[in-house]
>>> print(open('work06.cif').read())   # mmCIF, C-alpha atoms
data_final
loop_
_atom_site.label_atom_id
_atom_site.label_comp_id
_atom_site.auth_asym_id
_atom_site.auth_seq_id
_atom_site.Cartn_x
_atom_site.Cartn_y
_atom_site.Cartn_z
CA MET K 1 -2.50 -24.60 -27.83
CA LYS K 2 -1.39 -23.64 -24.37
CA LYS K 3 -2.89 -20.19 -24.83
CA MET K 4 -6.14 -21.72 -25.97
CA LEU K 5 -6.29 -23.97 -22.94
CA LEU K 6 -5.63 -21.03 -20.68
CA THR K 7 -8.37 -19.03 -22.36
CA GLY K 8 -10.68 -21.97 -22.02
CA SER K 9 -9.98 -22.28 -18.32
CA ALA K 10 -10.42 -18.53 -17.84
CA VAL K 11 -13.86 -18.82 -19.42
CA GLY K 12 -14.56 -21.77 -17.17
CA ILE K 13 -13.63 -19.77 -14.10
CA ALA K 14 -15.75 -16.83 -15.27
CA LEU K 15 -18.70 -19.17 -15.76
CA ALA K 16 -18.15 -20.74 -12.37
CA MET K 17 -18.15 -17.28 -10.81
CA MET K 18 -21.50 -16.55 -12.43
CA THR K 19 -23.14 -19.49 -10.76
CA ALA K 20 -20.96 -19.84 -7.67
CA PRO K 21 -20.45 -16.44 -6.10
CA VAL K 22 -18.96 -17.76 -2.88
CA PHE K 23 -16.30 -20.40 -3.15
CA ALA K 24 -16.52 -23.17 -0.63
CA ASP K 25 -13.70 -25.55 0.07
CA GLU K 26 -15.74 -28.72 0.33
CA ASP K 27 -12.60 -30.79 0.93
CA ALA K 28 -11.33 -28.75 3.88
CA ASP K 29 -10.89 -30.29 7.31
CA LEU K 30 -11.83 -28.52 10.51
CA LEU K 31 -9.41 -28.27 13.41
CA ILE K 32 -10.41 -25.76 16.10
CA ASN K 33 -7.70 -23.95 18.07
CA GLY K 34 -5.18 -26.29 16.48
CA GLU K 35 -6.34 -29.11 18.74
CA ILE K 36 -10.05 -30.03 18.54
CA GLU K 37 -10.59 -32.32 15.57
CA ILE K 38 -14.06 -31.96 14.11
CA THR K 39 -15.54 -34.66 11.90
CA VAL K 40 -17.18 -32.68 9.11
CA ARG K 41 -17.81 -35.61 6.75
CA THR K 42 -18.44 -39.28 7.48
CA ASP K 43 -20.55 -42.27 6.49
CA ALA K 44 -24.28 -41.70 6.87
CA PRO K 45 -25.94 -43.58 9.73
CA PRO K 46 -27.68 -46.81 8.65
CA HIS K 47 -31.20 -45.38 8.99
CA MET K 48 -30.60 -42.91 6.15
CA GLU K 49 -31.81 -44.50 2.94
CA ASN K 50 -30.92 -41.90 0.32
CA VAL K 51 -27.58 -40.46 1.44
CA ASP K 52 -24.17 -42.17 1.67
CA THR K 53 -22.04 -39.43 3.21
CA ILE K 54 -23.08 -36.78 5.72
CA TYR K 55 -21.47 -33.34 5.83
CA SER K 56 -21.43 -30.57 8.36
CA GLY K 57 -22.79 -27.29 7.01
CA TRP K 58 -19.27 -25.93 7.59
CA VAL K 59 -17.98 -27.55 4.38
CA PHE K 60 -20.50 -25.59 2.28
CA ARG K 61 -19.44 -22.20 3.57
CA SER K 62 -16.86 -19.85 2.08
CA THR K 63 -13.21 -20.16 3.03
CA GLU K 64 -13.48 -16.91 5.01
CA THR K 65 -16.50 -18.09 7.00
CA GLN K 66 -14.86 -21.47 7.57
CA ALA K 67 -11.79 -19.75 9.02
CA LEU K 68 -13.84 -17.87 11.64
CA GLU K 69 -14.69 -21.16 13.31
CA MET K 70 -11.11 -22.44 13.46
CA ASP K 71 -10.04 -20.15 16.30
CA ASP K 72 -12.11 -19.32 19.39
CA PHE K 73 -10.75 -15.76 19.37
CA GLU K 74 -12.17 -15.30 15.87
CA ASN K 75 -15.48 -17.06 16.56
CA PRO K 76 -18.07 -14.45 17.62
CA GLY K 77 -20.21 -17.25 19.09
CA MET K 78 -17.64 -17.79 21.84
CA ILE K 79 -18.50 -14.40 23.41
CA PHE K 80 -21.87 -15.90 24.33
CA VAL K 81 -20.16 -18.94 25.85
CA ASP K 82 -18.41 -16.56 28.26
CA ASP K 83 -21.78 -15.07 29.22
CA ALA K 84 -23.11 -18.57 29.88
CA ILE K 85 -20.13 -19.48 32.09
CA GLU K 86 -21.16 -16.56 34.30
CA ALA K 87 -24.78 -17.77 34.32
CA TRP K 88 -23.54 -21.31 35.10
CA GLU K 89 -22.06 -20.07 38.37
CA THR K 90 -24.95 -17.79 39.32
CA VAL K 91 -27.32 -18.89 42.08
CA GLU K 92 -30.95 -18.52 41.04
CA GLY K 93 -34.37 -19.65 42.26
CA THR K 94 -35.95 -20.76 45.52
CA GLU K 95 -33.50 -23.63 46.11
CA GLY K 96 -30.45 -21.35 46.28
CA LYS K 97 -28.53 -23.33 43.67
CA SER K 98 -26.49 -22.62 40.58
CA CYS K 99 -25.81 -25.05 37.74
CA ALA K 100 -22.29 -25.46 39.14
CA ASP K 101 -23.61 -26.63 42.53
CA CYS K 102 -24.88 -29.88 41.01
CA HIS K 103 -22.78 -30.21 37.87
CA GLY K 104 -19.43 -28.74 38.86
CA ASP K 105 -17.25 -27.35 36.11
CA PRO K 106 -18.89 -26.94 32.66
CA ASP K 107 -16.21 -29.27 31.24
CA GLY K 108 -17.90 -32.05 33.21
CA MET K 109 -20.79 -31.76 30.76
CA ALA K 110 -18.64 -33.01 27.87
CA GLY K 111 -20.64 -35.48 25.80
CA VAL K 112 -24.07 -34.39 27.00
CA ARG K 113 -24.95 -32.29 23.96
CA ALA K 114 -24.11 -35.20 21.66
CA THR K 115 -27.06 -37.30 22.86
CA TYR K 116 -29.84 -34.71 22.65
CA PRO K 117 -32.75 -34.72 21.96
CA LYS K 118 -33.31 -37.80 24.13
CA TRP K 119 -35.98 -39.60 26.10
CA ASN K 120 -36.43 -38.44 29.69
CA GLU K 121 -37.66 -41.33 31.78
CA ASP K 122 -39.13 -39.27 34.65
CA ALA K 123 -40.95 -36.79 32.43
CA GLU K 124 -41.85 -39.54 29.93
CA GLU K 125 -41.12 -37.28 27.00
CA VAL K 126 -38.42 -36.58 24.43
CA ARG K 127 -36.51 -33.54 25.58
CA THR K 128 -34.30 -31.23 23.60
CA ILE K 129 -31.32 -29.90 25.51
CA ALA K 130 -33.20 -26.60 25.93
CA MET K 131 -36.09 -28.46 27.56
CA GLN K 132 -33.63 -30.24 29.85
CA VAL K 133 -32.01 -26.94 30.88
CA ASN K 134 -35.46 -25.59 31.73
CA GLY K 135 -36.24 -28.85 33.51
CA CYS K 136 -33.21 -28.20 35.74
CA ARG K 137 -34.21 -24.60 36.29
CA THR K 138 -37.83 -25.22 37.22
CA GLU K 139 -37.54 -28.63 38.93
CA GLN K 140 -34.14 -28.45 40.65
CA MET K 141 -33.41 -24.74 41.12
CA GLY K 142 -36.92 -23.38 41.59
CA ALA K 143 -36.05 -20.75 38.98
CA GLU K 144 -38.03 -19.33 36.10
CA ALA K 145 -37.87 -21.16 32.79
CA TRP K 146 -35.91 -19.41 30.08
CA LYS K 147 -37.60 -18.49 26.81
CA TYR K 148 -37.14 -21.16 24.15
CA ASP K 149 -34.44 -19.96 21.73
CA GLY K 150 -34.14 -16.74 23.78
CA GLY K 151 -30.74 -15.19 24.51
CA ASP K 152 -30.12 -16.83 27.92
CA MET K 153 -31.04 -20.25 26.58
CA LEU K 154 -28.95 -20.00 23.43
CA ASN K 155 -25.95 -18.83 25.44
CA MET K 156 -26.27 -21.88 27.70
CA GLU K 157 -26.74 -24.16 24.68
CA ALA K 158 -23.58 -22.66 23.20
CA LEU K 159 -21.65 -23.42 26.40
CA LEU K 160 -22.95 -26.99 26.53
CA ALA K 161 -22.09 -27.48 22.85
CA SER K 162 -18.62 -25.97 23.23
CA VAL K 163 -17.52 -28.48 25.89
CA SER K 164 -18.67 -31.35 23.64
CA ARG K 165 -16.89 -30.19 20.50
CA GLY K 166 -15.27 -33.07 18.67
CA ILE K 167 -17.51 -35.68 20.28
CA PRO K 168 -19.68 -37.54 17.73
CA VAL K 169 -23.41 -36.90 17.72
CA ASN K 170 -25.09 -40.07 18.97
CA VAL K 171 -28.83 -39.61 19.24
CA ALA K 172 -30.96 -42.67 20.09
CA ILE K 173 -33.77 -43.29 17.63
CA ASP K 174 -35.21 -46.51 19.04
CA GLY K 175 -36.89 -47.46 22.31
CA PRO K 176 -39.26 -44.90 23.79
CA ALA K 177 -38.02 -42.15 21.43
CA GLN K 178 -38.98 -44.09 18.32
CA SER K 179 -42.51 -42.75 17.85
CA MET K 180 -41.30 -39.14 18.05
CA TRP K 181 -38.49 -40.00 15.62
CA GLU K 182 -41.02 -41.45 13.15
CA LYS K 183 -43.14 -38.33 13.49
CA GLY K 184 -40.09 -36.16 12.81
CA LYS K 185 -39.22 -38.23 9.76
CA GLU K 186 -42.72 -37.77 8.38
CA ILE K 187 -42.44 -33.99 8.81
CA TYR K 188 -39.01 -34.02 7.12
CA TYR K 189 -40.51 -35.54 3.98
CA THR K 190 -43.76 -33.51 3.95
CA ARG K 191 -44.00 -30.75 1.36
CA PHE K 192 -45.21 -27.57 3.03
CA GLY K 193 -46.51 -24.22 1.87
CA GLN K 194 -47.41 -22.76 -1.49
CA LEU K 195 -43.93 -23.56 -2.80
CA ASP K 196 -44.65 -27.18 -1.85
CA LEU K 197 -41.18 -27.93 -0.49
CA SER K 198 -40.05 -30.53 2.02
CA CYS K 199 -36.82 -30.42 4.00
CA ALA K 200 -35.64 -33.27 1.76
CA ASN K 201 -36.27 -31.39 -1.51
CA CYS K 202 -33.46 -28.95 -0.72
CA HIS K 203 -31.28 -30.67 1.88
CA GLU K 204 -31.33 -34.29 0.70
CA ASP K 205 -31.96 -34.03 -3.05
CA ASN K 206 -30.05 -30.82 -3.75
CA TYR K 207 -27.30 -30.25 -1.19
CA GLY K 208 -24.23 -28.81 -2.88
CA ASN K 209 -26.39 -27.03 -5.46
CA TYR K 210 -27.22 -23.35 -5.51
CA ILE K 211 -30.53 -21.53 -5.18
CA ARG K 212 -29.51 -18.16 -6.52
CA ALA K 213 -26.43 -17.35 -4.36
CA ASP K 214 -27.44 -19.72 -1.57
CA HIS K 215 -25.26 -22.84 -1.38
CA LEU K 216 -27.53 -25.61 -0.09
CA SER K 217 -26.18 -27.71 2.76
CA GLN K 218 -27.51 -30.98 4.11
CA GLY K 219 -29.33 -29.04 6.82
CA GLN K 220 -27.33 -30.78 9.55
CA ILE K 221 -27.80 -29.45 13.09
CA ASN K 222 -24.66 -30.85 14.76
CA ALA K 223 -23.20 -27.33 14.80
CA PHE K 224 -26.03 -25.48 16.56
CA PRO K 225 -26.37 -23.03 18.09
CA THR K 226 -24.90 -21.13 15.22
CA TYR K 227 -23.66 -17.56 15.01
CA ARG K 228 -24.92 -16.14 11.72
CA LEU K 229 -23.07 -13.29 10.09
CA LYS K 230 -26.42 -12.36 8.56
CA ASN K 231 -28.06 -11.41 11.86
CA ALA K 232 -24.98 -11.19 14.12
CA GLN K 233 -26.40 -13.37 16.88
CA LEU K 234 -26.71 -16.96 18.03
CA ASN K 235 -29.50 -18.87 16.32
CA GLY K 236 -31.40 -21.88 17.64
CA VAL K 237 -32.27 -25.00 15.66
CA GLN K 238 -36.02 -24.63 15.89
CA SER K 239 -35.93 -20.96 14.92
CA ARG K 240 -34.04 -22.09 11.82
CA PHE K 241 -36.73 -24.72 11.13
CA LYS K 242 -39.31 -21.97 11.45
CA GLY K 243 -37.43 -19.82 8.93
CA CYS K 244 -37.26 -22.72 6.47
CA ILE K 245 -41.00 -23.45 6.60
CA ARG K 246 -41.73 -19.73 6.31
CA ASP K 247 -39.59 -19.72 3.16
CA THR K 248 -41.86 -22.37 1.61
CA ARG K 249 -44.69 -19.80 1.88
CA GLY K 250 -46.04 -22.08 4.58
CA GLU K 251 -47.61 -21.70 8.00
CA THR K 252 -44.82 -22.58 10.41
CA PHE K 253 -44.96 -24.62 13.58
CA ALA K 254 -44.10 -22.87 16.85
CA VAL K 255 -40.65 -23.04 18.42
CA GLY K 256 -40.98 -25.58 21.25
CA SER K 257 -43.94 -27.36 19.59
CA GLU K 258 -44.20 -31.14 19.55
CA GLU K 259 -43.73 -31.07 15.76
CA PHE K 260 -40.43 -29.23 16.00
CA ILE K 261 -39.19 -31.39 18.90
CA ALA K 262 -39.88 -34.44 16.72
CA LEU K 263 -38.20 -32.82 13.72
CA GLU K 264 -35.18 -31.83 15.83
CA LEU K 265 -34.81 -35.43 17.03
CA TYR K 266 -35.03 -36.76 13.49
CA VAL K 267 -32.69 -34.20 11.93
CA ALA K 268 -30.20 -34.62 14.80
CA SER K 269 -30.16 -38.37 14.09
CA ARG K 270 -29.25 -37.69 10.46
CA GLY K 271 -26.05 -36.22 11.87
CA ASN K 272 -25.10 -39.24 13.99
CA GLY K 273 -21.34 -39.52 13.47
CA LEU K 274 -20.58 -35.86 12.80
CA SER K 275 -18.95 -33.97 15.66
CA VAL K 276 -20.70 -31.57 17.98
CA GLU K 277 -19.41 -28.28 16.61
CA GLY K 278 -21.28 -25.40 18.23
CA PRO K 279 -21.21 -22.55 18.58
CA SER K 280 -20.53 -22.54 14.86
CA VAL K 281 -20.22 -19.66 12.39
CA ARG K 282 -22.39 -19.51 9.29
CA ASN K 283 -23.45 -16.86 6.80
CA MET U 1 -77.85 5.54 -15.58
CA LYS U 2 -76.97 5.15 -19.18
CA ARG U 3 -73.34 5.66 -18.27
CA ILE U 4 -73.47 2.85 -15.71
CA MET U 5 -75.02 0.56 -18.30
CA THR U 6 -72.25 1.40 -20.70
CA LEU U 7 -69.55 0.68 -18.14
CA ALA U 8 -71.15 -2.65 -17.21
CA CYS U 9 -71.35 -3.49 -20.86
CA ILE U 10 -67.66 -2.69 -21.39
CA ALA U 11 -66.70 -4.75 -18.35
CA THR U 12 -68.65 -7.73 -19.67
CA MET U 13 -67.09 -7.39 -23.07
CA ALA U 14 -63.64 -7.09 -21.56
CA SER U 15 -63.91 -10.29 -19.53
CA ALA U 16 -65.35 -12.11 -22.52
CA ALA U 17 -62.59 -10.83 -24.78
CA PHE U 18 -59.73 -11.77 -22.42
CA ALA U 19 -61.33 -15.04 -21.21
CA GLU U 20 -58.87 -15.64 -18.40
CA THR U 21 -58.66 -19.19 -17.07
CA ALA U 22 -58.74 -19.40 -13.24
CA PRO U 23 -56.06 -21.58 -11.56
CA ASP U 24 -58.57 -24.22 -10.47
CA ASP U 25 -60.03 -24.43 -13.99
CA VAL U 26 -56.79 -25.22 -15.81
CA ALA U 27 -57.15 -28.44 -17.84
CA PHE U 28 -53.91 -30.24 -18.68
CA THR U 29 -53.39 -32.75 -21.48
CA GLN U 30 -52.27 -36.19 -20.35
CA TYR U 31 -48.67 -35.05 -20.85
CA GLY U 32 -49.07 -31.92 -18.70
CA GLU U 33 -49.39 -29.47 -21.59
CA LEU U 34 -51.68 -26.43 -21.77
CA GLU U 35 -52.58 -25.41 -25.30
CA GLN U 36 -54.49 -22.18 -24.69
CA SER U 37 -53.21 -18.86 -23.42
CA LEU U 38 -54.26 -18.50 -19.76
CA SER U 39 -55.06 -14.84 -20.23
CA GLY U 40 -56.52 -15.17 -23.72
CA GLN U 41 -53.77 -12.78 -24.80
CA PRO U 42 -50.32 -13.32 -26.30
CA GLY U 43 -47.31 -12.90 -24.02
CA ASP U 44 -44.78 -10.08 -24.08
CA PRO U 45 -41.21 -11.49 -24.08
CA GLU U 46 -39.68 -8.31 -22.65
CA ALA U 47 -42.07 -8.36 -19.70
CA GLY U 48 -41.31 -12.08 -19.36
CA LYS U 49 -37.59 -11.39 -19.12
CA ALA U 50 -38.17 -8.98 -16.21
CA ILE U 51 -40.30 -11.61 -14.44
CA MET U 52 -37.60 -14.26 -14.97
CA VAL U 53 -35.03 -12.32 -12.93
CA ALA U 54 -37.22 -10.54 -10.33
CA ARG U 55 -36.94 -12.10 -6.87
CA GLY U 56 -40.53 -11.14 -6.00
CA LYS U 57 -41.91 -12.58 -9.25
CA GLY U 58 -40.79 -15.66 -11.18
CA ASN U 59 -37.17 -15.57 -9.97
CA CYS U 60 -36.57 -18.39 -12.47
CA ILE U 61 -32.79 -17.87 -12.37
CA ALA U 62 -32.84 -18.81 -8.69
CA CYS U 63 -32.80 -22.41 -9.92
CA HIS U 64 -32.04 -22.21 -13.67
CA GLN U 65 -28.95 -21.00 -15.51
CA VAL U 66 -29.72 -18.85 -18.56
CA THR U 67 -26.77 -17.57 -20.59
CA ALA U 68 -28.91 -14.81 -22.15
CA LEU U 69 -29.53 -13.43 -18.64
CA GLU U 70 -25.90 -13.36 -17.54
CA GLU U 71 -26.13 -9.66 -16.70
CA PHE U 72 -28.34 -10.61 -13.74
CA PRO U 73 -26.34 -12.55 -11.08
CA PHE U 74 -26.56 -15.14 -9.56
CA HIS U 75 -27.97 -18.20 -11.32
CA GLY U 76 -28.79 -21.36 -9.43
CA ASN U 77 -28.38 -24.94 -10.64
CA VAL U 78 -31.14 -26.87 -8.88
CA GLY U 79 -33.04 -27.07 -12.19
CA PRO U 80 -31.66 -27.62 -15.71
CA SER U 81 -30.22 -24.81 -17.82
CA LEU U 82 -32.86 -23.11 -19.94
CA ASP U 83 -30.49 -22.34 -22.80
CA GLY U 84 -32.24 -23.31 -26.04
CA ILE U 85 -35.39 -24.38 -24.21
CA GLY U 86 -37.53 -22.66 -26.86
CA SER U 87 -36.11 -25.07 -29.47
CA ARG U 88 -36.88 -28.14 -27.41
CA ARG U 89 -40.27 -27.34 -25.85
CA SER U 90 -43.50 -26.08 -27.36
CA ALA U 91 -45.39 -23.15 -25.87
CA ALA U 92 -48.01 -25.62 -24.61
CA GLU U 93 -45.34 -27.66 -22.82
CA LEU U 94 -43.67 -24.59 -21.33
CA ARG U 95 -47.00 -23.18 -20.13
CA GLY U 96 -47.92 -26.50 -18.52
CA ILE U 97 -44.55 -26.77 -16.76
CA ILE U 98 -44.74 -23.26 -15.33
CA VAL U 99 -48.36 -23.63 -14.24
CA ASN U 100 -47.72 -26.93 -12.44
CA ALA U 101 -44.52 -28.76 -13.31
CA LYS U 102 -45.64 -31.86 -11.39
CA MET U 103 -48.07 -32.61 -14.23
CA THR U 104 -45.04 -33.07 -16.52
CA PHE U 105 -42.36 -34.20 -14.06
CA GLU U 106 -43.76 -36.23 -11.20
CA GLY U 107 -42.25 -35.32 -7.85
CA THR U 108 -40.25 -32.35 -9.16
CA ILE U 109 -39.00 -29.74 -6.68
CA MET U 110 -40.26 -26.97 -8.99
CA PRO U 111 -43.08 -24.92 -7.43
CA ALA U 112 -46.36 -24.53 -9.33
CA PHE U 113 -46.71 -20.90 -10.39
CA TYR U 114 -50.45 -20.98 -11.16
CA ARG U 115 -51.99 -23.16 -8.52
CA VAL U 116 -53.97 -22.09 -5.43
CA SER U 117 -55.25 -25.29 -3.79
CA ASP U 118 -54.21 -28.62 -2.28
CA PHE U 119 -51.24 -27.36 -0.27
CA THR U 120 -50.17 -28.48 3.21
CA ARG U 121 -50.20 -25.56 5.67
CA PRO U 122 -50.23 -22.77 3.09
CA GLY U 123 -49.02 -19.49 4.51
CA ASP U 124 -49.80 -15.82 4.07
CA ALA U 125 -46.96 -15.16 1.61
CA PHE U 126 -43.61 -15.24 3.49
CA THR U 127 -44.94 -14.24 6.93
CA GLY U 128 -44.97 -17.77 8.37
CA LYS U 129 -48.58 -17.19 9.41
CA ALA U 130 -51.57 -19.16 8.09
CA ALA U 131 -53.02 -18.00 4.79
CA ASP U 132 -55.68 -15.38 5.38
CA GLY U 133 -58.35 -16.24 2.80
CA PRO U 134 -57.93 -17.69 -0.70
CA LEU U 135 -54.40 -17.91 -2.10
CA SER U 136 -53.25 -15.91 -5.10
CA PRO U 137 -51.14 -17.76 -7.67
CA LEU U 138 -47.40 -16.95 -7.61
CA LEU U 139 -47.76 -15.37 -11.07
CA THR U 140 -50.84 -13.98 -12.84
CA ALA U 141 -52.20 -15.53 -16.03
CA GLN U 142 -50.65 -12.77 -18.14
CA GLU U 143 -47.29 -12.99 -16.33
CA ILE U 144 -47.14 -16.68 -17.19
CA GLU U 145 -47.89 -15.90 -20.84
CA ASP U 146 -45.09 -13.32 -20.77
CA VAL U 147 -42.61 -15.89 -19.40
CA VAL U 148 -43.71 -18.46 -22.01
CA ALA U 149 -43.12 -15.82 -24.71
CA TYR U 150 -39.64 -15.06 -23.34
CA LEU U 151 -38.68 -18.75 -23.10
CA GLN U 152 -39.63 -19.20 -26.76
CA THR U 153 -36.93 -16.65 -27.64
CA LEU U 154 -34.27 -18.95 -26.14
CA GLN U 155 -33.29 -20.84 -29.30
CA ASP U 156 -30.29 -23.07 -29.96
#
>>> encode(input="work06.cif", output="structure tokens")
Amino acid sequence: MKKMLLTGSAVGIALAMMTAPVFADEDADLLINGEIEITVRTDAPPHMENVDTIYSGWVFRSTETQALEMDDFENPGMIFVDDAIEAWETVEGTEGKSCADCHGDPDGMAGVRATYPKWNEDAEEVRTIAMQVNGCRTEQMGAEAWKYDGGDMLNMEALLASVSRGIPVNVAIDGPAQSMWEKGKEIYYTRFGQLDLSCANCHEDNYGNYIRADHLSQGQINAFPTYRLKNAQLNGVQSRFKGCIRDTRGETFAVGSEEFIALELYVASRGNGLSVEGPSVRN
Amino acid sequence: MKRIMTLACIATMASAAFAETAPDDVAFTQYGELEQSLSGQPGDPEAGKAIMVARGKGNCIACHQVTALEEFPFHGNVGPSLDGIGSRRSAAELRGIIVNAKMTFEGTIMPAFYRVSDFTRPGDAFTGKAADGPLSPLLTAQEIEDVVAYLQTLQD
């Protein structure tokens, strides 16, 4: 009997390996450097109608990939944070200022990343954190804007995320941001391309399932920018959106477009309660 | 001249003989079935098997587990297992589901493999750019017949 049970479980494991090539420890907890507690699963915010619990993409990754994010010396994304610290202290533009001249130490920016995208009263627009960085550069420093999702910008986004790690995402969806949020929600549920897929089809209806060897996450963006082992560089949220719509055999929107700003606001709000986690490591 | 006439004649005969149904002309029953072969020809189950596992073709195992295809890793689980599907579904049902599964299962995630219109922002394959001219279906009429023929071999 015991032998039969063992054989049965061996078959079960073999079957599981057929369908689940990369084991993920979905119950693991994330503690970075032995001290920064990251909330990787929590109750969904009230505005989410179809999901009870929200999960960071970290829980869907393999044990090996998960481990890379638990120690800054193992996390390749942290190299780019060092580059951004240098940029933070560098004077640029006609006003002779660096980021540090106004903002002081990067640690003083703790909590900022958690609230973006957010409404900017002066500009009367919803700004992503990238737009706000460029706002500082062009309006305060008299410097050139950085390319959206380009290397300099992603490095700076990684620095701003890193000093907010552990702080819960808390994006406002009401007030002047509400119309953009509604627009983003509509895009989230629109089926695009010849494969006729919405964000929700994969990331709300099928998270935890596999498409071939790809373990579907909830598509949360609390952990961006993310260092992908696949392309060995930091990746921006909107570039990831672009890749997803491309994969529906659809015509994408442009990085920095109003559609993607709206979608970023909406998707960020689906992660309200998860911790800021970037720069993260993903496959 | 005579030769040209002959060729034209053969071409006409060929199209009449194979009587392929274009994607926009497919007529479903009220339950989403399609009774007639799309190509006018029977399917080849061996060719269908190759289409089932090819990433650039049907890639059916991306979402469906099939024990008979275990030699080809990895199988997804977004859709139901197809084990024994040939015992549970008729050829007409299978054809209808592959052509446009939404006619059988409203709101399903499954893409339509023989449909070329009524999409939102259709792209030029996987380039991310806008479609350049009319779309081609994901599978040809004969490829769909081949997959239907393969699925009918999956018996309980």
>>> resolve_selection(input="work06.cif", expression="the PyMOL selection byres ((chain U and resi 149) around 8)", output="list in words")
Pro42, Gly43, Asp44, Pro45, Gly48, Ala91, Glu145, Asp146, Val147, Val148, Tyr150, Leu151, Gln152 and Thr153 of chain U
>>> write_last_selection(input="work06.cif", atoms="C-alpha atoms", output="PDB file, keeping the file's coordinate frame")
ATOM      1  CA  PRO U  42     -50.320 -13.320 -26.300  1.00  0.00           C
ATOM      2  CA  GLY U  43     -47.310 -12.900 -24.020  1.00  0.00           C
ATOM      3  CA  ASP U  44     -44.780 -10.080 -24.080  1.00  0.00           C
ATOM      4  CA  PRO U  45     -41.210 -11.490 -24.080  1.00  0.00           C
ATOM      5  CA  GLY U  48     -41.310 -12.080 -19.360  1.00  0.00           C
ATOM      6  CA  ALA U  91     -45.390 -23.150 -25.870  1.00  0.00           C
ATOM      7  CA  GLU U 145     -47.890 -15.900 -20.840  1.00  0.00           C
ATOM      8  CA  ASP U 146     -45.090 -13.320 -20.770  1.00  0.00           C
ATOM      9  CA  VAL U 147     -42.610 -15.890 -19.400  1.00  0.00           C
ATOM     10  CA  VAL U 148     -43.710 -18.460 -22.010  1.00  0.00           C
ATOM     11  CA  TYR U 150     -39.640 -15.060 -23.340  1.00  0.00           C
ATOM     12  CA  LEU U 151     -38.680 -18.750 -23.100  1.00  0.00           C
ATOM     13  CA  GLN U 152     -39.630 -19.200 -26.760  1.00  0.00           C
ATOM     14  CA  THR U 153     -36.930 -16.650 -27.640  1.00  0.00           C
TER      15      THR U 153
END
>>> residues_around(input="work06.cif", residues="Gln155 of chain U", least_positions_apart="5", cutoff="6 Å", atoms="all atoms listed in the file", output="PyMOL selection string")
chain U and resi 84+86-87
>>> resolve_selection(input="work06.cif", expression="the PyMOL selection byres ((chain K and resi 31) around 12)", output="ChimeraX atom specification")
/K:28-30,32-40,58,66-72,165-166,275,277
>>> interface_residues(input="work06.cif", of="chain K", to="chain U", cutoff="10 Å", atoms="only C-alpha atoms", output="number ranges by chain")
K: 15, 17-21, 190-198, 200-202, 205-216, 242-254
>>> closest_residue(input="work06.cif", among="K:Glu157, K:Pro45, K:Asp152, K:Pro76", to="Tyr116 of chain K", atoms="all atoms listed in the file")
K:Glu157
>>> residues_near_point(input="work06.cif", point="(-16.9, -24.9, 0.1)", cutoff="6 Å", atoms="all atoms listed in the file", output="ChimeraX atom specification")
/K:23-26,59-62
>>> atom_distance(input="work06.cif", atom1="atom CA of Glu95 of chain K", atom2="atom CA of Asp83 of chain K")
22.3 Å
>>> residues_near_point(input="work06.cif", point="(-20.2, -42.3, 0.4)", cutoff="9 Å", atoms="only C-alpha atoms", output="list in words")
Thr42, Asp43, Ala44, Val51, Asp52, Thr53 and Ile54 of chain K
>>> residues_around(input="work06.cif", residues="Arg127 of chain K", least_positions_apart="6", cutoff="9 Å", atoms="all atoms listed in the file", output="list in words")
Tyr116, Pro117, Lys118, Trp119, Asn120, Ile261 and Leu265 of chain K
>>> resolve_selection(input="work06.cif", expression="the PyMOL selection byres ((chain U and resi 24) around 9)", output="list in words")
Thr21, Ala22, Pro23, Asp25, Val26, Ala27, Tyr114, Arg115, Val116 and Ser117 of chain U
>>> closest_residue(input="work06.cif", among="K:Val255, K:Ala177, K:Val91, K:Leu274", to="Ala143 of chain K", atoms="all atoms listed in the file")
K:Val91
>>> residues_around(input="work06.cif", residues="Tyr227 of chain K", least_positions_apart="6", cutoff="6 Å", atoms="only C-alpha atoms", output="VMD selection string")
chain K and resid 77 233 to 234 280 to 281
>>> atom_distance(input="work06.cif", atom1="atom CA of His203 of chain K", atom2="atom CA of Glu258 of chain K")
21.9 Å
>>> atom_distance(input="work06.cif", atom1="atom CA of Asp122 of chain K", atom2="atom CA of Ile221 of chain K")
26.3 Å
